[in-house]
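Chemist: Just one file: coords-v3.txt, with compact mmCIF, C-alpha atoms and all ligand atoms.
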# COMPACT_ATOMS: atom_id res chain seq x y z
CA MET A 254 0.00 0.00 0.00
CA LYS A 255 1.16 3.49 -0.82
CA LYS A 256 2.10 5.86 2.00
CA VAL A 257 1.77 9.09 0.09
CA ILE A 258 -0.94 9.55 -2.53
CA PHE A 259 -1.41 12.54 -4.83
CA LYS A 260 -4.54 13.49 -6.75
CA HIS A 261 -2.46 14.03 -9.86
CA ASP A 262 -5.18 15.67 -11.92
CA GLU A 263 -5.54 18.51 -9.39
CA CYS A 264 -1.82 19.24 -8.85
CA LYS A 265 -0.66 22.71 -9.90
CA GLY A 266 3.05 21.87 -9.92
CA CYS A 267 3.89 24.64 -7.44
CA GLY A 268 6.69 22.67 -5.79
CA LEU A 269 5.95 23.56 -2.17
CA CYS A 270 5.63 19.85 -1.27
CA ALA A 271 8.91 18.80 -2.87
CA ALA A 272 10.84 21.60 -1.14
CA VAL A 273 9.93 20.40 2.37
CA CYS A 274 10.23 16.63 1.88
CA PRO A 275 13.09 15.52 4.17
CA LYS A 276 13.67 12.43 2.01
CA LYS A 277 13.67 14.39 -1.29
CA ILE A 278 11.57 11.72 -2.98
CA ILE A 279 8.92 13.99 -4.54
CA PHE A 280 9.48 14.67 -8.24
CA PHE A 281 7.48 16.07 -11.14
CA ASP A 282 6.19 13.52 -13.59
CA LYS A 283 6.86 13.91 -17.32
CA SER A 284 3.15 13.61 -18.03
CA ILE A 285 0.94 16.69 -18.21
CA ASN A 286 -2.30 16.75 -16.22
CA PRO A 287 -5.63 18.21 -17.44
CA ASN A 288 -4.70 21.61 -16.01
CA GLY A 289 -1.43 21.65 -17.94
CA PHE A 290 0.97 20.97 -15.07
CA HIS A 291 3.57 18.27 -14.49
CA PRO A 292 2.08 16.61 -11.41
CA ALA A 293 4.10 15.99 -8.25
CA THR A 294 4.47 12.34 -7.36
CA VAL A 295 6.49 9.77 -5.41
CA ASP A 296 7.76 6.45 -6.77
CA GLU A 297 10.02 5.44 -3.88
CA GLN A 298 7.17 4.81 -1.47
CA ASP A 299 9.38 2.69 0.82
CA LYS A 300 11.56 5.75 1.55
CA CYS A 301 8.59 7.88 2.69
CA ILE A 302 8.57 8.38 6.48
CA SER A 303 4.92 9.56 6.59
CA CYS A 304 5.95 12.84 8.19
CA GLY A 305 3.14 14.71 6.40
CA PHE A 306 5.30 17.78 5.68
CA CYS A 307 4.34 17.70 1.98
CA ALA A 308 0.62 17.68 2.82
CA THR A 309 1.09 20.44 5.41
CA MET A 310 2.44 22.76 2.72
CA CYS A 311 0.25 21.73 -0.25
CA PRO A 312 -2.08 24.71 -0.81
CA ASP A 313 -4.44 22.56 -2.86
CA LEU A 314 -4.88 19.73 -0.37
CA ILE A 315 -4.35 16.97 -2.88
CA ILE A 316 -1.99 14.81 -0.80
CA THR A 317 -3.08 12.01 1.52
CA VAL A 318 -0.45 10.52 3.83
CA ARG A 319 -0.65 7.14 5.54
CA LYS A 320 1.55 5.42 8.07
CA GLU A 321 2.35 1.78 8.66
CA VAL A 322 1.08 0.63 12.06
CA MET B 274 -2.10 1.65 7.38
CA LYS B 275 -3.30 4.61 9.40
CA THR B 276 -4.18 7.88 7.66
CA VAL B 277 -2.09 10.69 9.10
CA PHE B 278 -3.22 13.43 6.70
CA GLU B 279 -6.25 13.84 4.47
CA LYS B 280 -8.41 16.73 3.26
CA THR B 281 -10.64 17.98 6.07
CA LYS B 282 -14.41 17.53 5.98
CA GLY B 283 -14.60 21.25 6.73
CA LEU B 284 -13.93 21.92 3.05
CA THR B 285 -15.98 20.88 0.03
CA ASP B 286 -14.60 18.68 -2.75
CA LYS B 287 -14.32 21.65 -5.08
CA THR B 288 -10.84 22.38 -6.48
CA PHE B 289 -9.51 25.79 -5.41
CA HIS B 290 -9.28 28.32 -8.25
CA TYR B 291 -6.18 29.91 -6.69
CA CYS B 292 -2.95 30.26 -8.67
CA PRO B 293 -0.21 27.62 -8.25
CA GLY B 294 1.49 27.98 -4.88
CA CYS B 295 -0.88 30.70 -3.61
CA THR B 296 -1.11 30.24 0.14
CA HIS B 297 -4.79 31.21 0.39
CA GLY B 298 -5.34 27.43 0.17
CA ILE B 299 -3.27 26.72 3.29
CA VAL B 300 -5.24 29.34 5.24
CA HIS B 301 -8.53 27.80 4.07
CA ARG B 302 -7.38 24.45 5.41
CA LEU B 303 -6.37 25.81 8.82
CA VAL B 304 -9.71 27.58 9.28
CA ALA B 305 -11.74 24.54 8.19
CA GLU B 306 -9.74 22.11 10.34
CA SER B 307 -10.15 24.39 13.37
CA LEU B 308 -13.95 24.47 12.93
CA VAL B 309 -14.07 20.68 12.66
CA GLU B 310 -11.77 20.08 15.64
CA LEU B 311 -13.78 22.48 17.81
CA ASN B 312 -16.94 20.71 16.70
CA VAL B 313 -18.62 23.91 15.49
CA LEU B 314 -18.72 23.36 11.71
CA ASP B 315 -22.49 22.89 11.74
CA LYS B 316 -23.04 26.23 13.45
CA ALA B 317 -20.33 28.17 11.66
CA ILE B 318 -21.20 31.03 9.30
CA GLY B 319 -18.39 32.52 7.25
CA VAL B 320 -18.41 35.84 5.47
CA ALA B 321 -16.45 35.90 2.21
CA PRO B 322 -14.86 39.13 0.95
CA VAL B 323 -14.26 40.69 -2.42
CA GLY B 324 -10.81 39.66 -3.56
CA CYS B 325 -9.28 36.42 -4.78
CA SER B 326 -11.05 34.60 -1.94
CA VAL B 327 -14.48 35.84 -3.10
CA PHE B 328 -15.41 32.22 -3.89
CA ALA B 329 -14.59 31.07 -0.34
CA TYR B 330 -18.28 30.22 -0.03
CA GLU B 331 -17.74 27.44 -2.57
CA TYR B 332 -14.98 25.89 -0.48
CA PHE B 333 -15.99 26.04 3.19
CA ASN B 334 -18.39 23.28 4.14
CA CYS B 335 -20.53 25.52 6.34
CA ASP B 336 -23.02 28.33 5.83
CA MET B 337 -21.47 31.27 4.04
CA GLN B 338 -22.43 34.78 3.04
CA GLN B 339 -20.55 37.00 0.60
CA ALA B 340 -20.22 40.67 1.53
CA SER B 341 -19.61 43.86 -0.43
CA HIS B 342 -15.97 44.91 -0.64
CA GLY B 343 -14.64 45.57 2.88
CA ARG B 344 -17.99 45.15 4.59
CA ALA B 345 -17.51 41.64 5.93
CA PRO B 346 -17.10 42.75 9.59
CA ALA B 347 -20.38 44.70 9.40
CA VAL B 348 -22.19 41.74 7.84
CA ALA B 349 -20.64 39.41 10.44
CA THR B 350 -21.81 41.77 13.21
CA GLY B 351 -25.38 41.49 11.97
CA ILE B 352 -25.25 37.71 11.68
CA LYS B 353 -23.69 37.22 15.11
CA ARG B 354 -26.17 39.53 16.83
CA VAL B 355 -29.19 37.86 15.22
CA LEU B 356 -27.82 34.33 15.69
CA PRO B 357 -25.67 34.58 18.82
CA ASP B 358 -25.21 30.80 19.05
CA SER B 359 -23.55 30.64 15.66
CA ILE B 360 -19.78 30.87 15.19
CA VAL B 361 -19.15 33.73 12.80
CA PHE B 362 -15.93 34.51 10.93
CA THR B 363 -14.83 36.84 8.18
CA TYR B 364 -12.14 35.90 5.66
CA GLN B 365 -10.59 39.05 4.19
CA GLY B 366 -7.61 40.15 2.12
CA ASP B 367 -5.55 43.25 2.87
CA GLY B 368 -7.21 45.22 0.07
CA ASP B 369 -10.59 44.31 1.51
CA LEU B 370 -9.75 44.82 5.19
CA ALA B 371 -7.07 47.53 5.27
CA SER B 372 -8.20 49.69 2.37
CA ILE B 373 -11.88 50.03 1.45
CA GLY B 374 -12.96 48.17 4.62
CA SER B 375 -10.75 49.99 7.14
CA ALA B 376 -13.73 51.70 8.81
CA GLU B 377 -15.73 48.48 9.21
CA ILE B 378 -12.88 46.52 10.79
CA MET B 379 -11.95 49.36 13.17
CA HIS B 380 -15.46 49.76 14.46
CA ALA B 381 -16.16 46.03 14.73
CA ALA B 382 -13.02 45.78 16.90
CA ALA B 383 -13.90 48.91 18.88
CA ARG B 384 -17.38 47.53 19.60
CA GLY B 385 -15.77 44.31 20.75
CA GLU B 386 -17.95 42.19 18.47
CA ASN B 387 -17.65 38.53 19.40
CA ILE B 388 -16.46 37.43 15.95
CA THR B 389 -13.30 35.90 14.47
CA VAL B 390 -11.50 37.74 11.70
CA ILE B 391 -9.15 35.87 9.36
CA TYR B 392 -7.03 38.56 7.73
CA VAL B 393 -4.90 37.36 4.80
CA ASN B 394 -2.22 39.95 4.11
CA ASN B 395 -0.34 39.47 0.83
CA ALA B 396 0.78 43.12 0.46
CA ILE B 397 -1.04 43.59 -2.85
CA PHE B 398 -4.44 43.63 -4.57
CA GLY B 399 -4.35 40.12 -6.03
CA MET B 400 -7.67 39.73 -7.76
CA THR B 401 -7.57 42.92 -9.79
CA GLY B 402 -4.10 42.41 -11.22
CA GLY B 403 -1.51 43.40 -8.65
CA GLN B 404 -2.14 47.03 -7.73
CA MET B 405 -0.56 48.72 -4.70
CA ALA B 406 -2.39 48.06 -1.42
CA PRO B 407 -2.12 49.96 1.88
CA THR B 408 0.11 47.06 2.98
CA THR B 409 2.51 47.25 0.01
CA LEU B 410 6.12 47.59 1.20
CA ILE B 411 8.22 50.67 0.55
CA GLY B 412 10.02 50.05 -2.73
CA GLN B 413 7.72 47.18 -3.74
CA VAL B 414 6.90 47.16 -7.45
CA THR B 415 3.22 46.81 -8.30
CA THR B 416 1.24 47.76 -11.40
CA THR B 417 0.39 51.12 -9.80
CA SER B 418 3.85 51.66 -8.29
CA PRO B 419 6.01 50.61 -11.26
CA ASN B 420 9.08 52.29 -9.78
CA GLY B 421 8.44 50.87 -6.33
CA ARG B 422 6.23 52.33 -3.59
CA ASP B 423 7.47 55.82 -2.81
CA PRO B 424 6.46 57.13 0.63
CA LEU B 425 6.55 60.73 -0.60
CA THR B 426 3.61 60.11 -2.90
CA ASP B 427 2.18 56.80 -1.69
CA GLY B 428 2.60 56.92 2.07
CA TYR B 429 3.62 54.02 4.31
CA PRO B 430 2.31 50.49 4.90
CA ILE B 431 -0.49 50.09 7.46
CA ASN B 432 0.06 47.60 10.28
CA MET B 433 -3.51 46.61 11.06
CA SER B 434 -2.71 44.19 13.88
CA GLU B 435 -0.71 46.78 15.83
CA MET B 436 -3.46 49.35 15.26
CA LEU B 437 -6.39 47.18 16.29
CA ALA B 438 -4.51 45.95 19.35
CA GLN B 439 -4.64 49.54 20.66
CA LEU B 440 -8.42 49.50 20.80
CA ILE B 441 -9.97 48.66 24.15
CA GLY B 442 -12.59 46.53 22.37
CA SER B 443 -10.20 43.94 20.87
CA THR B 444 -9.43 40.72 22.75
CA TYR B 445 -6.87 38.72 20.79
CA ILE B 446 -4.69 39.89 17.90
CA GLU B 447 -1.82 37.85 16.47
CA ARG B 448 0.20 37.93 13.26
CA VAL B 449 1.41 34.58 11.89
CA SER B 450 2.85 33.20 8.65
CA ILE B 451 2.68 30.00 6.64
CA THR B 452 6.13 29.83 5.06
CA ASN B 453 7.21 26.48 6.50
CA VAL B 454 5.81 23.49 8.39
CA LYS B 455 6.55 25.03 11.81
CA ASN B 456 4.90 28.35 10.92
CA VAL B 457 1.86 26.59 9.46
CA LYS B 458 1.43 24.56 12.65
CA HIS B 459 1.72 27.69 14.76
CA ALA B 460 -0.77 29.56 12.53
CA LYS B 461 -3.25 26.73 13.08
CA LYS B 462 -2.92 27.10 16.86
CA ALA B 463 -3.55 30.84 16.64
CA ILE B 464 -6.60 30.42 14.38
CA LYS B 465 -8.02 27.76 16.66
CA LYS B 466 -7.53 29.98 19.69
CA ALA B 467 -9.33 32.82 17.91
CA PHE B 468 -12.35 30.54 17.43
CA GLU B 469 -12.13 29.27 21.03
CA ASN B 470 -12.34 32.88 22.20
CA GLN B 471 -15.58 33.32 20.31
CA ILE B 472 -16.99 30.07 21.69
CA ASN B 473 -16.12 31.35 25.19
CA ASN B 474 -17.72 34.77 24.46
CA LYS B 475 -14.43 36.61 24.91
CA GLY B 476 -14.97 39.09 22.09
CA PHE B 477 -13.13 40.30 19.01
CA SER B 478 -10.23 38.21 17.72
CA MET B 479 -8.19 38.76 14.58
CA ILE B 480 -5.46 36.58 13.15
CA GLU B 481 -3.37 38.26 10.47
CA ILE B 482 -1.77 35.66 8.22
CA LEU B 483 1.11 36.82 6.01
CA SER B 484 0.44 35.10 2.70
CA THR B 485 1.96 34.97 -0.79
CA CYS B 486 0.76 36.15 -4.19
CA PRO B 487 3.32 34.56 -6.53
CA THR B 488 1.43 35.70 -9.64
CA ASN B 489 1.39 39.42 -8.86
CA TRP B 490 4.65 39.49 -6.97
CA GLY B 491 6.17 38.04 -10.16
CA MET B 492 8.02 35.27 -8.36
CA THR B 493 7.96 31.49 -8.20
CA PRO B 494 5.95 30.05 -5.28
CA LEU B 495 9.18 29.10 -3.46
CA ASP B 496 10.83 32.49 -4.00
CA SER B 497 7.62 34.07 -2.72
CA LEU B 498 7.92 32.21 0.59
CA LYS B 499 11.50 33.45 0.86
CA TRP B 500 10.50 37.04 0.06
CA LEU B 501 7.77 36.84 2.69
CA ASP B 502 10.26 35.63 5.34
CA GLU B 503 12.97 38.11 4.40
CA LYS B 504 11.13 41.26 3.34
CA MET B 505 7.52 41.19 4.45
CA GLN B 506 8.27 40.02 7.97
CA SER B 507 10.59 42.93 8.68
CA VAL B 508 7.68 45.34 8.10
CA PHE B 509 5.02 43.05 9.57
CA PRO B 510 6.69 41.27 12.51
CA LEU B 511 5.10 38.07 13.75
CA GLY B 512 3.75 37.87 17.25
CA VAL B 513 0.90 38.37 19.67
CA PHE B 514 -0.12 42.03 19.82
CA LYS B 515 -2.95 41.62 22.28
CA GLU B 516 -4.31 38.85 24.42
CA VAL B 517 -6.83 39.59 27.14
CA LYS B 518 -6.88 36.54 29.40
C1 LIG C 601 -16.58 48.69 -4.30
C2 LIG C 601 -15.46 48.01 -5.02
N1 LIG C 601 -14.31 48.68 -5.22
C3 LIG C 601 -13.28 48.06 -5.86
C4 LIG C 601 -13.41 46.80 -6.33
C5 LIG C 601 -12.25 46.14 -7.07
N2 LIG C 601 -11.54 45.16 -6.28
C6 LIG C 601 -11.85 43.86 -6.35
S1 LIG C 601 -10.87 42.90 -5.40
C7 LIG C 601 -9.98 44.24 -4.87
C8 LIG C 601 -8.82 44.11 -3.92
C9 LIG C 601 -8.45 42.71 -3.60
O1 LIG C 601 -7.30 42.65 -2.85
P1 LIG C 601 -7.20 41.90 -1.47
O2 LIG C 601 -8.34 42.22 -0.60
O3 LIG C 601 -5.84 42.16 -0.91
O4 LIG C 601 -7.38 40.36 -1.82
P2 LIG C 601 -6.49 39.37 -2.71
O5 LIG C 601 -7.16 39.38 -4.04
O6 LIG C 601 -5.09 39.90 -2.73
O7 LIG C 601 -6.59 38.06 -2.00
C10 LIG C 601 -10.47 45.42 -5.45
C11 LIG C 601 -9.91 46.75 -5.22
C12 LIG C 601 -14.65 46.13 -6.09
N3 LIG C 601 -14.84 44.86 -6.50
N4 LIG C 601 -15.65 46.74 -5.45
S1 LIG C 602 5.19 12.26 3.98
FE1 LIG C 602 7.20 13.19 4.39
S2 LIG C 602 8.68 11.74 3.56
FE2 LIG C 602 6.68 11.16 2.70
S3 LIG C 602 6.63 12.25 0.72
FE3 LIG C 602 5.64 13.58 2.22
S4 LIG C 602 7.27 14.94 2.96
FE4 LIG C 602 8.27 13.20 1.91
S1 LIG C 603 2.22 21.30 -3.16
FE1 LIG C 603 0.37 20.30 -3.94
S2 LIG C 603 -0.19 21.43 -5.79
FE2 LIG C 603 1.91 22.02 -5.27
S3 LIG C 603 3.21 20.62 -6.47
FE3 LIG C 603 2.91 19.64 -4.48
S4 LIG C 603 1.10 18.34 -4.72
FE4 LIG C 603 1.13 19.75 -6.46
S1 LIG C 604 -3.68 36.52 -7.83
FE1 LIG C 604 -2.35 36.23 -6.04
S2 LIG C 604 -3.73 36.10 -4.24
FE2 LIG C 604 -4.95 35.78 -6.12
S3 LIG C 604 -5.04 33.54 -6.38
FE3 LIG C 604 -3.35 34.31 -7.63
S4 LIG C 604 -1.54 34.17 -6.30
FE4 LIG C 604 -3.35 34.00 -4.98
Output the file's structure as structure tokens, nothing else.
Modeler:
Amino acid sequence: MKKVIFKHDECKGCGLCAAVCPKKIIFFDKSINPNGFHPATVDEQDKCISCGFCATMCPDLIITVRKEV
Amino acid sequence: MKTVFEKTKGLTDKTFHYCPGCTHGIVHRLVAESLVELNVLDKAIGVAPVGCSVFAYEYFNCDMQQASHGRAPAVATGIKRVLPDSIVFTYQGDGDLASIGSAEIMHAAARGENITVIYVNNAIFGMTGGQMAPTTLIGQVTTTSPNGRDPLTDGYPINMSEMLAQLIGSTYIERVSITNVKNVKHAKKAIKKAFENQINNKGFSMIEILSTCPTNWGMTPLDSLKWLDEKMQSVFPLGVFKEVK
């Protein structure tokens, strides 16, 4: 199961999430979403520490963060 | 797996119309989460301004009213007095609150209205294309101060929090920012406290949130956060300006 999930279609590519990620795992996909932005995403889910920093800074609230329990 | 962060039920599913990286969205979240956590969403009534946040009524999952430019505190006064059990807040930009609405905010504070004011200061008129606001910094380039704000002709920035704190009628005034995770968490605490005050009938609270306008500042979203920290904060220092216990 993924720890960090982005609603890619609603991302505006602002970069605020990527700048605060302590693991530097957020990158911008080559694809272009319906709004014309390269959406932020994470492939290396195992490196995510579920800190929620990305979601705290995302002005558009499109990130959901989950933690292994 | 346990969910540690998801979009609050205090906001609707509608996608914000704000520009990429505009921090209006973060402020919306903090207000909505506070209402949910204090269990007052169902009796909350927000008053939206004129400005980029004019569509706030589409986003907050509670009753909303939209006011004429600058008049939100007067409208909120009416709502709160007629429905004293409701939790009433205004959401206003600096053009709305510090310019055309400066009389309404002053008198609402002076009367000690038991409302919560969310004041989003981005030092510019965002919606109309980046004109100079009363909060624009000296030297700041806007479409109506193309050579930078000149105090000889344009005067000086207005510090609303410091001013309103002087009034006997105000209860709690704090200026916060949202430029990093720590600041966002602190801003949430302040906003929540401002709503708690209203629930406890303590009177007028205003939280001034320093916010970015990457589009009209002509900067990337990340450079805007830096400019806010470095330039805006020296004119608008963070802190509690009034707290009546
Ligand atoms: C009576 C009236 N005067 C002027 C305007 C034009 N106007 C619309 S929004 C705005 C200022 C918006 O700036 P601000 O309140 O700082 O909000 P922002 O858009 O930056 O979030 C102005 C002057 C108006 N709509 N109505
Ligand atoms: S939750 Fe933390 S570690 Fe995981 S992607 Fe977001 S910022 Fe990075
Ligand atoms: S902060 Fe949100 S909108 Fe901005 S790039 Fe990251 S996910 Fe996209
Ligand atoms: S114009 Fe400025 S304040 Fe308005 S949505 Fe765009 S960035 Fe935000």
Chemist: Residues of chain B within 7 Å of chain A, counting only C-alpha atoms - could you list those as a list of chain:residue names?
Modeler: B:Met274, B:Lys275, B:Thr276, B:Val277, B:Phe278, B:Glu279, B:Lys280, B:Phe289, B:Pro293, B:Gly294, B:Cys295, B:Thr296, B:Gly298, B:Ile299, B:Val454, B:Pro494, B:Leu495
Chemist: Could you give me, as a list in words, the residues that sit within 7 Å of (-11.2, 39.8, 12.1) in the file's coordinates, counting all atoms listed in the file?
Modeler: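 Those residues lying close to the given coordinates are Thr363, Ile388, Thr389, Val390, Ile391, Tyr392, Ser478, Met479 and Ile480 of chain B.
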Chemist: Could you check which residues have any atom within 9 Å of (6.5, 14.7, -4.9), counting only C-alpha atoms with coordinates taken straight from the file, and then list them as a list of chain:residue names?
Modeler: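 In the file's frame, the residues around the point are A:Val257, A:Phe259, A:Gly268, A:Cys270, A:Ala271, A:Ala272, A:Cys274, A:Lys277, A:Ile278, A:Ile279, A:Phe280, A:Phe281, A:Asp282, A:Pro292, A:Ala293, A:Thr294, A:Val295, A:Asp296, A:Cys307.
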Chemist: Taking only C-alpha atoms and all ligand atoms into account, which of A:His261, A:Lys276, A:Lys300, A:Lys283 comes nearest ligand LIG 603 (chain C)?
Modeler: A:His261
Chemist: Hey, what's within 9 Å of B:Leu284 if we count only C-alpha atoms and toss same-chain stuff fewer than 6 positions away? As number ranges by chain, please?
Modeler: B: 301-302, 305-306, 331-335
Chemist: Write the selection just made, keeping C-alpha atoms, as a CSV table (one decimal), in the frame of the given file?
Modeler:
chain,number,residue,atom,x,y,z
B,301,HIS,CA,-8.5,27.8,4.1
B,302,ARG,CA,-7.4,24.4,5.4
B,305,ALA,CA,-11.7,24.5,8.2
B,306,GLU,CA,-9.7,22.1,10.3
B,331,GLU,CA,-17.7,27.4,-2.6
B,332,TYR,CA,-15.0,25.9,-0.5
B,333,PHE,CA,-16.0,26.0,3.2
B,334,ASN,CA,-18.4,23.3,4.1
B,335,CYS,CA,-20.5,25.5,6.3
Chemist: As JSON, numbers by chain, please: every protein or nucleic acid residue near ligand LIG 604 (chain C) (cut-off 12 Å, counting only C-alpha atoms and all ligand atoms).
Modeler: {"A": [267, 312, 313], "B": [289, 290, 291, 292, 293, 294, 295, 296, 297, 298, 299, 300, 323, 324, 325, 326, 327, 328, 329, 365, 366, 367, 368, 393, 394, 395, 396, 397, 398, 399, 400, 401, 402, 403, 404, 483, 484, 485, 486, 487, 488, 489, 490, 491, 492, 493, 494, 497, 498]}
Chemist: Could you jot down the atom N4 of ligand LIG 601 (chain C) to atom CA of B:Ser372 separation for me, Å, one decimal place?
Modeler: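 For atom N4 of ligand LIG 601 (chain C) relative to atom CA of B:Ser372, the distance reads 11.2 Å.
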Chemist: How far is it from atom CA of B:Glu503 to atom S4 of ligand LIG 603 (chain C), in Å with one decimal?
Modeler: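 We find that atom CA of B:Glu503 and atom S4 of ligand LIG 603 (chain C) lie 24.8 Å from each other.
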Chemist: Quote the spacing between atom CA of B:Tyr330 and atom CA of B:Arg354 in Å to one decimal place.
Modeler: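 It comes out at 20.8 Å.
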Chemist: Between B:Val457, B:Ile360, B:Met337, B:Ile446, which residue has the minimum interatomic distance to B:Ala321, considering all atoms listed in the file?
Modeler: B:Met337
Chemist: What are the centre and the three edge lengths of an axis-aligned box that wraps all atoms of ligand LIG 601 (chain C) in the file, given that 8 Å is added to every side, written as lines of an AutoDock Vina configuration file and rounded to one decimal in Å?
Modeler:
center_x = -10.8
center_y = 43.4
center_z = -3.8
size_x = 27.5
size_y = 26.6
size_z = 22.5
Chemist: Which one of B:Ala406, B:Leu511, B:Ile411, B:Ala438 sits closest to ligand LIG 601 (chain C) if you count only C-alpha atoms and all ligand atoms?
Modeler: B:Ala406
Chemist: May I have the residues within 10 Å of B:Glu469 as number ranges by chain, using all atoms listed in the file and disregarding those fewer than 5 positions away in the same chain?
Modeler: B: 307-308, 311, 360, 389, 463-464, 474-475, 478
Chemist: Any chance you could export the current selection's C-alpha atoms as a PDB file, in the frame of the given file?
Modeler:
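So the final result, stored in part.pdb, reads:
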ATOM      1  CA  SER B 307     -10.150  24.390  13.370  1.00  0.00           C
ATOM      2  CA  LEU B 308     -13.950  24.470  12.930  1.00  0.00           C
ATOM      3  CA  LEU B 311     -13.780  22.480  17.810  1.00  0.00           C
ATOM      4  CA  ILE B 360     -19.780  30.870  15.190  1.00  0.00           C
ATOM      5  CA  THR B 389     -13.300  35.900  14.470  1.00  0.00           C
ATOM      6  CA  ALA B 463      -3.550  30.840  16.640  1.00  0.00           C
ATOM      7  CA  ILE B 464      -6.600  30.420  14.380  1.00  0.00           C
ATOM      8  CA  ASN B 474     -17.720  34.770  24.460  1.00  0.00           C
ATOM      9  CA  LYS B 475     -14.430  36.610  24.910  1.00  0.00           C
ATOM     10  CA  SER B 478     -10.230  38.210  17.720  1.00  0.00           C
TER      11      SER B 478
END
Chemist: Generate N, CA and C atoms for stretch 403-415 of chain B and emit them as a PDB file, in the frame of the given file.
Modeler:
ATOM      1  N   GLY B 403      -2.771  43.024  -9.281  1.00  0.00           N
ATOM      2  CA  GLY B 403      -1.510  43.400  -8.650  1.00  0.00           C
ATOM      3  C   GLY B 403      -1.276  44.883  -8.453  1.00  0.00           C
ATOM      4  N   GLN B 404      -2.331  45.618  -8.064  1.00  0.00           N
ATOM      5  CA  GLN B 404      -2.140  47.030  -7.730  1.00  0.00           C
ATOM      6  C   GLN B 404      -1.597  47.194  -6.305  1.00  0.00           C
ATOM      7  N   MET B 405      -1.068  48.384  -6.034  1.00  0.00           N
ATOM      8  CA  MET B 405      -0.560  48.720  -4.700  1.00  0.00           C
ATOM      9  C   MET B 405      -1.708  48.683  -3.688  1.00  0.00           C
ATOM     10  N   ALA B 406      -1.426  48.110  -2.524  1.00  0.00           N
ATOM     11  CA  ALA B 406      -2.390  48.060  -1.420  1.00  0.00           C
ATOM     12  C   ALA B 406      -1.846  48.926  -0.283  1.00  0.00           C
ATOM     13  N   PRO B 407      -2.650  49.196   0.742  1.00  0.00           N
ATOM     14  CA  PRO B 407      -2.120  49.960   1.880  1.00  0.00           C
ATOM     15  C   PRO B 407      -0.956  49.227   2.548  1.00  0.00           C
ATOM     16  N   THR B 408      -0.901  47.917   2.359  1.00  0.00           N
ATOM     17  CA  THR B 408       0.110  47.060   2.980  1.00  0.00           C
ATOM     18  C   THR B 408       1.349  46.858   2.119  1.00  0.00           C
ATOM     19  N   THR B 409       1.350  47.394   0.906  1.00  0.00           N
ATOM     20  CA  THR B 409       2.510  47.250   0.010  1.00  0.00           C
ATOM     21  C   THR B 409       3.758  47.848   0.667  1.00  0.00           C
ATOM     22  N   LEU B 410       4.890  47.139   0.541  1.00  0.00           N
ATOM     23  CA  LEU B 410       6.120  47.590   1.200  1.00  0.00           C
ATOM     24  C   LEU B 410       6.730  48.784   0.463  1.00  0.00           C
ATOM     25  N   ILE B 411       7.481  49.577   1.192  1.00  0.00           N
ATOM     26  CA  ILE B 411       8.220  50.670   0.550  1.00  0.00           C
ATOM     27  C   ILE B 411       9.179  50.053  -0.474  1.00  0.00           C
ATOM     28  N   GLY B 412       9.142  50.565  -1.686  1.00  0.00           N
ATOM     29  CA  GLY B 412      10.020  50.050  -2.730  1.00  0.00           C
ATOM     30  C   GLY B 412       9.423  48.898  -3.523  1.00  0.00           C
ATOM     31  N   GLN B 413       8.320  48.332  -3.046  1.00  0.00           N
ATOM     32  CA  GLN B 413       7.720  47.180  -3.740  1.00  0.00           C
ATOM     33  C   GLN B 413       7.095  47.605  -5.071  1.00  0.00           C
ATOM     34  N   VAL B 414       7.429  46.866  -6.109  1.00  0.00           N
ATOM     35  CA  VAL B 414       6.900  47.160  -7.450  1.00  0.00           C
ATOM     36  C   VAL B 414       5.533  46.510  -7.614  1.00  0.00           C
ATOM     37  N   THR B 415       4.554  47.325  -7.980  1.00  0.00           N
ATOM     38  CA  THR B 415       3.220  46.810  -8.300  1.00  0.00           C
ATOM     39  C   THR B 415       2.792  47.487  -9.601  1.00  0.00           C
TER      40      THR B 415
END
